[in-house]
Amino acid sequence: MNQAEHPQDGFVVEMKAISKRFGTITALEGVDFQVPRQQVMALLGDNGAGKSTLIKILTGVHRPTRGEIYFENRQVEIDSPRVARDLGIETVYQDLALVNLMSITRNFFLGRELVRELGPIRWLQLAEMNRLTHSSLVEVGIDIRSPSEPVGSLSGGERQSIAIGRAMHFGAKLLILDEPTSALSVAETRKVLSYIRNAKDRGLSVVFITHNVNHCYEVSDAYTILRHGKIVGTYQRGELSQDDIAALITGEREN
Amino acid sequence: MPAQATLLSRVRFRLAAIPDAVALASFGAVFLFFALAAENFLTPLSIANILTFASISGIVVVGVAVLMISGEFDLSVGSTFAVASYVFALGLIAEVPPLLCLLAALVVSALLGLLNGLIVTTTGIPSFIATLGTMLAYRGIARAIGGSDFAFYSGEPLLLFRILNAPLDSLNKSFSPAATFRISILWFGLIAVLLAQVLRRTRFGNWVFATGGNRGAALSLGVPVRRVVVANFVLAGLLAGVASVLQFAHRSSVDPLRGEGLELIAVAACVIGGLRLTGGSGSILGACLGMLLLQMLEQGLVLMQIPVQVFQAVAGLILIIAVISNTYLTGEG
């Protein structure tokens, strides 16, 4: 196995010997996965390879059956999505995790509302949240008409932008994108790739999950390939061609 | 075609953002109809009757409304209403201090709500079924503690009754014939305004809409969905208890069938008021308008000397029309 050389900064997250069983089904078996600081790590694998399970362990949706997680060199128990968010891990889920009937602002700050405490009641600071939503979406290059518009009235690409903008605003340290480009047009995909570069430039580390190497080849610094719940290997940018990676994903070639 | 679909969906979501528009329009239509068709509809006495009756059911309705926005039903509120009435009544009859009786009735109704919430969140059974079960079970409790009889408080007049639900005498006497406004109208208004503020302006309110609008998304973003659902069941139970003690303070009696059908009136009022059956959308104002519409309908038909059975038929028709228009507007269909 070709272990990735990492830069001086080390890893933002290290998952060690992660196994996950659902009943009698083994979804992950002894998986080691690291994300170097301020780099874009592509997590590649075919459908059912275990990518989503691995990420859901990192985001607190599932607990691992075995294994350890280190975040910034400190061992952590991520037992809920809230814990993950508090650590600085933000995720753009494949389904975007948006509430269509709620406004852009209310979606943007959901679970992270700005409040003023008055006795036992936490009042929303809606004006401030509207202002911040607008400015941070502009900052990442997303133009919206009004932050109080319901998310359901936006186009698919716009909704994707809101989800990414939200993750970038709150994702202090690690940004996870689950198949962010699989449903997008070429132009929209290009936009998502520019968001990823933008995030990296701002000091974030990124995990880009996809089953299609063509989608991530441009922006990734390294690749980790999963097959049948096991790690095939981790490779630096330029070490392998796109065809080599594709062959490793499908298992046409062993490493 | 895709462009048209997008335009349509944009319009739909804009309209869904102002669900009260439909409720307000249907309320206005019914009001206008009776104002023109029913003699004595626009009199202080008639309006006082509508508000006084609607205030008791209305307090139940707003609790059910908050729960429904978070995506859950409670069919047991009518039975909870009866249990709380009996706890209050039997305590008073046994000469337990009135404040203690009040407290006991409210605690019991909140606990029945809590039980609903725990059943739904721990078993994952749809709340429609779970609370259908507790509706029967709680009705059984009411009958068990109440026997098959009326419970009637015939002791001395209590100050507590006056605080809870005295007639607003000086206002009522200023009309001729005298009207029947009661304090319960003020309690209803206070509770409705408070809940409306909580829903629109607090973090908890935001979580309620998210829990009903897209539970998976709410969970992914760290919203404590279970806690929200349990809290809303407790609220629905508690408000059923509040309504029951207000009613008892007025009537001094309770029977084993008290509150039966209230659960369906509450759901009907919510739906007429523009709340989505699946949650995530709606308002307290809408639910109140729905309740007032139903009460107006009943009062108006009585004034027109139309048999009470017609009320149910018309209410059912309005309910169906409301569901159709709301479903179309939010594009659920």
# chains A, B, ... in the order shown; residues from 1 in each chain; ligands from 1
$ closest_atom_pairs --of "chain A" --to "chain B" --cutoff "10 Å" --atoms "only C-alpha atoms" --output "tab-separated table"
residue	atom	partner	partner_atom	distance
A:Lys56	CA	B:Ser220	CA	9.8
A:Thr59	CA	B:Ser220	CA	8.4
A:Gly60	CA	B:Ser220	CA	8.7
A:Val61	CA	B:Ser220	CA	7.4
A:Ser80	CA	B:Gly222	CA	7.2
A:Pro81	CA	B:Gly222	CA	5.1
A:Arg82	CA	B:Gly222	CA	4.3
A:Val83	CA	B:Gly222	CA	8.0
A:Ala84	CA	B:Gly222	CA	8.8
A:Arg85	CA	B:Gly222	CA	7.7
A:Asp86	CA	B:Gly222	CA	9.5
A:Glu90	CA	B:Leu221	CA	8.9
A:Thr91	CA	B:Ser220	CA	8.7
A:Val92	CA	B:Ser220	CA	9.8
A:Tyr93	CA	B:Ser220	CA	8.5
A:Asp95	CA	B:Ala217	CA	8.4
A:Leu96	CA	B:Ala217	CA	7.8
A:Ala97	CA	B:Ala217	CA	4.0
A:Leu98	CA	B:Ala217	CA	5.9
A:Val99	CA	B:Asn214	CA	5.4
A:Asn100	CA	B:Gly213	CA	7.2
A:Leu101	CA	B:Gly213	CA	6.5
A:Met102	CA	B:Ala210	CA	7.6
A:Ser103	CA	B:Ala17	CA	8.7
A:Arg106	CA	B:Asn206	CA	7.2
A:Asn107	CA	B:Ala210	CA	8.4
A:Phe109	CA	B:Leu221	CA	9.3
A:Leu110	CA	B:Leu221	CA	6.7
A:Gly111	CA	B:Val223	CA	5.2
A:Arg112	CA	B:Leu221	CA	8.4
A:Glu113	CA	B:Arg203	CA	6.5
A:Leu114	CA	B:Arg203	CA	8.3
A:Val115	CA	B:Arg203	CA	7.2
A:Arg116	CA	B:Thr202	CA	9.2
A:Glu117	CA	B:Thr202	CA	9.8
A:Ile121	CA	B:Thr202	CA	7.1
A:Arg122	CA	B:Thr202	CA	5.6
A:Trp123	CA	B:Thr202	CA	4.3
A:Leu124	CA	B:Thr202	CA	5.0
A:Gln125	CA	B:Arg201	CA	8.1
A:Leu126	CA	B:Arg201	CA	7.9
A:Ser148	CA	B:Ala17	CA	9.9
A:Glu149	CA	B:Arg14	CA	7.7
A:Pro150	CA	B:Phe13	CA	6.6
A:Val151	CA	B:Phe13	CA	8.4
A:Gly152	CA	B:Phe13	CA	6.1
A:Ser153	CA	B:Arg10	CA	4.4
A:Leu154	CA	B:Arg10	CA	7.3
A:Ser155	CA	B:Thr6	CA	7.7
$ residues_around --residues "region 187-196 of chain A" --least-positions-apart "3" --cutoff "12 Å" --atoms "only C-alpha atoms" --output "MDAnalysis selection string"
chainID A and resid 38:42 92 137:142 155:169 174:177 179:184 199:208 214:221
$ select_by_dssp --residues "region 7-231 of chain A" --states "helix (DSSP H, G or I)" --output "short mmCIF file (atom, residue, chain, number, x, y, z; two decimals) with N, CA and C atoms, in the first residue's frame"
data_model
loop_
_atom_site.label_atom_id
_atom_site.label_comp_id
_atom_site.auth_asym_id
_atom_site.auth_seq_id
_atom_site.Cartn_x
_atom_site.Cartn_y
_atom_site.Cartn_z
N LYS A 51 -18.43 4.40 1.25
CA LYS A 51 -18.10 5.82 1.38
C LYS A 51 -19.07 6.52 2.33
N SER A 52 -20.35 6.34 2.08
CA SER A 52 -21.36 7.04 2.88
C SER A 52 -21.31 6.60 4.34
N THR A 53 -21.11 5.30 4.56
CA THR A 53 -21.04 4.80 5.94
C THR A 53 -19.87 5.44 6.67
N LEU A 54 -18.72 5.50 5.99
CA LEU A 54 -17.53 6.08 6.61
C LEU A 54 -17.78 7.54 6.99
N ILE A 55 -18.42 8.27 6.07
CA ILE A 55 -18.67 9.69 6.31
C ILE A 55 -19.72 9.88 7.39
N LYS A 56 -20.71 8.99 7.41
CA LYS A 56 -21.74 9.13 8.45
C LYS A 56 -21.16 8.85 9.84
N ILE A 57 -20.10 8.06 9.90
CA ILE A 57 -19.42 7.86 11.19
C ILE A 57 -18.71 9.15 11.60
N LEU A 58 -18.12 9.80 10.60
CA LEU A 58 -17.39 11.04 10.88
C LEU A 58 -18.34 12.19 11.25
N PRO A 81 -24.74 14.38 15.26
CA PRO A 81 -24.36 15.42 14.29
C PRO A 81 -23.98 16.73 14.99
N ARG A 82 -24.61 16.97 16.13
CA ARG A 82 -24.30 18.21 16.85
C ARG A 82 -22.85 18.24 17.33
N VAL A 83 -22.37 17.09 17.81
CA VAL A 83 -20.98 17.00 18.27
C VAL A 83 -20.04 17.27 17.10
N ALA A 84 -20.34 16.69 15.94
CA ALA A 84 -19.51 16.89 14.76
C ALA A 84 -19.45 18.38 14.39
N ARG A 85 -20.62 19.01 14.40
CA ARG A 85 -20.66 20.43 14.04
C ARG A 85 -19.89 21.27 15.05
N ASP A 86 -20.00 20.89 16.32
CA ASP A 86 -19.29 21.64 17.36
C ASP A 86 -17.78 21.53 17.21
N LEU A 87 -17.31 20.39 16.65
CA LEU A 87 -15.87 20.22 16.42
C LEU A 87 -15.39 21.08 15.24
N ILE A 104 -34.37 30.93 3.36
CA ILE A 104 -32.93 30.69 3.19
C ILE A 104 -32.21 30.94 4.52
N THR A 105 -32.55 32.05 5.16
CA THR A 105 -31.89 32.38 6.44
C THR A 105 -32.15 31.32 7.50
N ARG A 106 -33.41 30.90 7.62
CA ARG A 106 -33.74 29.92 8.66
C ARG A 106 -33.04 28.58 8.37
N ASN A 107 -32.89 28.23 7.10
CA ASN A 107 -32.13 27.03 6.74
C ASN A 107 -30.65 27.22 7.04
N PHE A 108 -30.17 28.40 6.70
CA PHE A 108 -28.74 28.68 6.85
C PHE A 108 -28.31 28.51 8.30
N LEU A 126 -33.34 37.71 13.96
CA LEU A 126 -33.59 37.46 12.54
C LEU A 126 -32.91 38.48 11.63
N ALA A 127 -32.93 39.75 12.01
CA ALA A 127 -32.33 40.78 11.15
C ALA A 127 -30.84 40.50 10.97
N GLU A 128 -30.19 40.19 12.09
CA GLU A 128 -28.76 39.90 12.05
C GLU A 128 -28.48 38.64 11.23
N MET A 129 -29.33 37.63 11.38
CA MET A 129 -29.13 36.39 10.64
C MET A 129 -29.35 36.60 9.14
N ASN A 130 -30.35 37.42 8.80
CA ASN A 130 -30.57 37.75 7.38
C ASN A 130 -29.34 38.42 6.80
N ARG A 131 -28.81 39.37 7.56
CA ARG A 131 -27.66 40.14 7.08
C ARG A 131 -26.46 39.21 6.87
N LEU A 132 -26.19 38.35 7.87
CA LEU A 132 -25.05 37.44 7.78
C LEU A 132 -25.21 36.42 6.66
N THR A 133 -26.45 35.93 6.49
CA THR A 133 -26.69 34.96 5.42
C THR A 133 -26.36 35.58 4.07
N HIS A 134 -26.88 36.79 3.87
CA HIS A 134 -26.65 37.46 2.60
C HIS A 134 -25.17 37.71 2.38
N SER A 135 -24.49 38.26 3.40
CA SER A 135 -23.08 38.62 3.20
C SER A 135 -22.21 37.39 3.02
N SER A 136 -22.50 36.31 3.75
CA SER A 136 -21.60 35.16 3.60
C SER A 136 -21.88 34.41 2.30
N LEU A 137 -23.10 34.49 1.80
CA LEU A 137 -23.36 33.86 0.51
C LEU A 137 -22.71 34.67 -0.61
N VAL A 138 -22.73 36.00 -0.48
CA VAL A 138 -22.05 36.84 -1.46
C VAL A 138 -20.55 36.55 -1.43
N GLU A 139 -20.03 36.38 -0.22
CA GLU A 139 -18.60 36.14 -0.04
C GLU A 139 -18.12 34.89 -0.77
N VAL A 151 -36.64 28.27 0.58
CA VAL A 151 -35.65 27.50 -0.19
C VAL A 151 -36.31 26.73 -1.33
N GLY A 152 -37.56 26.29 -1.12
CA GLY A 152 -38.25 25.52 -2.14
C GLY A 152 -38.50 26.28 -3.43
N SER A 153 -38.41 27.61 -3.38
CA SER A 153 -38.65 28.38 -4.60
C SER A 153 -37.38 28.53 -5.43
N GLY A 156 -32.44 23.88 -8.50
CA GLY A 156 -31.57 22.85 -7.93
C GLY A 156 -30.15 23.36 -7.69
N GLY A 157 -29.61 24.07 -8.65
CA GLY A 157 -28.25 24.60 -8.51
C GLY A 157 -28.16 25.62 -7.39
N GLU A 158 -29.21 26.47 -7.29
CA GLU A 158 -29.23 27.49 -6.23
C GLU A 158 -29.28 26.83 -4.86
N ARG A 159 -30.11 25.77 -4.76
CA ARG A 159 -30.24 25.09 -3.48
C ARG A 159 -28.90 24.46 -3.07
N GLN A 160 -28.23 23.87 -4.07
CA GLN A 160 -26.90 23.30 -3.83
C GLN A 160 -25.95 24.38 -3.30
N SER A 161 -26.04 25.57 -3.92
CA SER A 161 -25.16 26.67 -3.50
C SER A 161 -25.43 27.09 -2.06
N ILE A 162 -26.72 27.09 -1.69
CA ILE A 162 -27.07 27.47 -0.32
C ILE A 162 -26.45 26.46 0.66
N ALA A 163 -26.59 25.17 0.33
CA ALA A 163 -26.06 24.13 1.23
C ALA A 163 -24.54 24.25 1.35
N ILE A 164 -23.87 24.52 0.23
CA ILE A 164 -22.41 24.66 0.28
C ILE A 164 -22.02 25.93 1.02
N GLY A 165 -22.74 27.02 0.74
CA GLY A 165 -22.46 28.29 1.41
C GLY A 165 -22.60 28.15 2.92
N ARG A 166 -23.64 27.43 3.35
CA ARG A 166 -23.88 27.21 4.78
C ARG A 166 -22.71 26.44 5.39
N ALA A 167 -22.31 25.36 4.70
CA ALA A 167 -21.23 24.53 5.23
C ALA A 167 -19.93 25.32 5.32
N MET A 168 -19.70 26.17 4.30
CA MET A 168 -18.45 26.95 4.31
C MET A 168 -18.47 28.02 5.39
N HIS A 169 -19.67 28.55 5.64
CA HIS A 169 -19.76 29.60 6.67
C HIS A 169 -19.46 29.03 8.05
N PHE A 170 -20.03 27.84 8.34
CA PHE A 170 -19.87 27.27 9.68
C PHE A 170 -18.70 26.29 9.76
N VAL A 186 -22.77 20.77 -16.30
CA VAL A 186 -21.33 21.05 -16.39
C VAL A 186 -21.01 22.41 -15.77
N ALA A 187 -21.83 23.41 -16.08
CA ALA A 187 -21.57 24.76 -15.55
C ALA A 187 -21.69 24.79 -14.04
N GLU A 188 -22.72 24.11 -13.54
CA GLU A 188 -22.92 24.09 -12.09
C GLU A 188 -21.80 23.33 -11.39
N THR A 189 -21.34 22.23 -12.04
CA THR A 189 -20.22 21.47 -11.47
C THR A 189 -18.99 22.34 -11.36
N ARG A 190 -18.74 23.13 -12.41
CA ARG A 190 -17.56 24.01 -12.39
C ARG A 190 -17.65 24.97 -11.20
N LYS A 191 -18.86 25.44 -10.95
CA LYS A 191 -19.07 26.37 -9.84
C LYS A 191 -18.74 25.70 -8.50
N VAL A 192 -19.20 24.45 -8.36
CA VAL A 192 -18.94 23.72 -7.11
C VAL A 192 -17.43 23.54 -6.92
N LEU A 193 -16.73 23.22 -8.02
CA LEU A 193 -15.28 23.03 -7.92
C LEU A 193 -14.60 24.32 -7.50
N SER A 194 -15.14 25.45 -7.96
CA SER A 194 -14.53 26.72 -7.55
C SER A 194 -14.80 27.01 -6.07
N TYR A 195 -15.97 26.59 -5.58
CA TYR A 195 -16.23 26.74 -4.13
C TYR A 195 -15.20 25.95 -3.34
N ILE A 196 -14.86 24.75 -3.84
CA ILE A 196 -13.93 23.89 -3.11
C ILE A 196 -12.55 24.52 -3.05
N ARG A 197 -12.10 25.07 -4.20
CA ARG A 197 -10.79 25.76 -4.20
C ARG A 197 -10.81 26.93 -3.24
N ASN A 198 -11.92 27.67 -3.29
CA ASN A 198 -12.12 28.82 -2.41
C ASN A 198 -12.02 28.40 -0.94
N ALA A 199 -12.64 27.27 -0.61
CA ALA A 199 -12.62 26.79 0.79
C ALA A 199 -11.20 26.45 1.20
N LYS A 200 -10.47 25.80 0.31
CA LYS A 200 -9.09 25.41 0.60
C LYS A 200 -8.22 26.66 0.79
N ASP A 201 -8.45 27.66 -0.07
CA ASP A 201 -7.69 28.90 0.06
C ASP A 201 -7.94 29.58 1.39
N VAL A 213 -14.24 9.66 -10.79
CA VAL A 213 -12.96 10.35 -10.63
C VAL A 213 -12.89 11.63 -11.48
N ASN A 214 -13.61 11.64 -12.59
CA ASN A 214 -13.57 12.83 -13.46
C ASN A 214 -14.08 14.08 -12.75
N HIS A 215 -14.99 13.86 -11.80
CA HIS A 215 -15.57 15.01 -11.11
C HIS A 215 -14.60 15.69 -10.15
N CYS A 216 -13.64 14.91 -9.63
CA CYS A 216 -12.81 15.47 -8.56
C CYS A 216 -11.35 15.63 -8.97
#
$ residues_around --residues "region 316-321 of chain B" --least-positions-apart "5" --cutoff "8 Å" --atoms "only C-alpha atoms" --output "ChimeraX atom specification"
/B:268,271-272
$ write_last_selection --atoms "C-alpha atoms" --output "CSV table (one decimal), in the first residue's frame"
chain,number,residue,atom,x,y,z
B,268,ALA,CA,-60.3,20.2,11.3
B,271,VAL,CA,-56.4,22.1,8.3
B,272,ILE,CA,-59.0,24.8,7.5
$ atom_distance --atom1 "CA of Asn326 (chain B)" --atom2 "CA of Ser70 (chain B)"
17.1 Å
$ atom_distance --atom1 "CA of Leu248 (chain A)" --atom2 "CA of Lys230 (chain A)"
12.2 Å
$ residues_around --residues "Lys16 (chain A)" --least-positions-apart "6" --cutoff "8 Å" --atoms "only C-alpha atoms" --output "VMD selection string"
chain A and resid 30 to 33 67 to 69
$ residues_around --residues "region 176-183 of chain B" --least-positions-apart "6" --cutoff "6 Å" --atoms "only C-alpha atoms" --output "VMD selection string"
chain B and resid 44 to 45 48 165 to 168
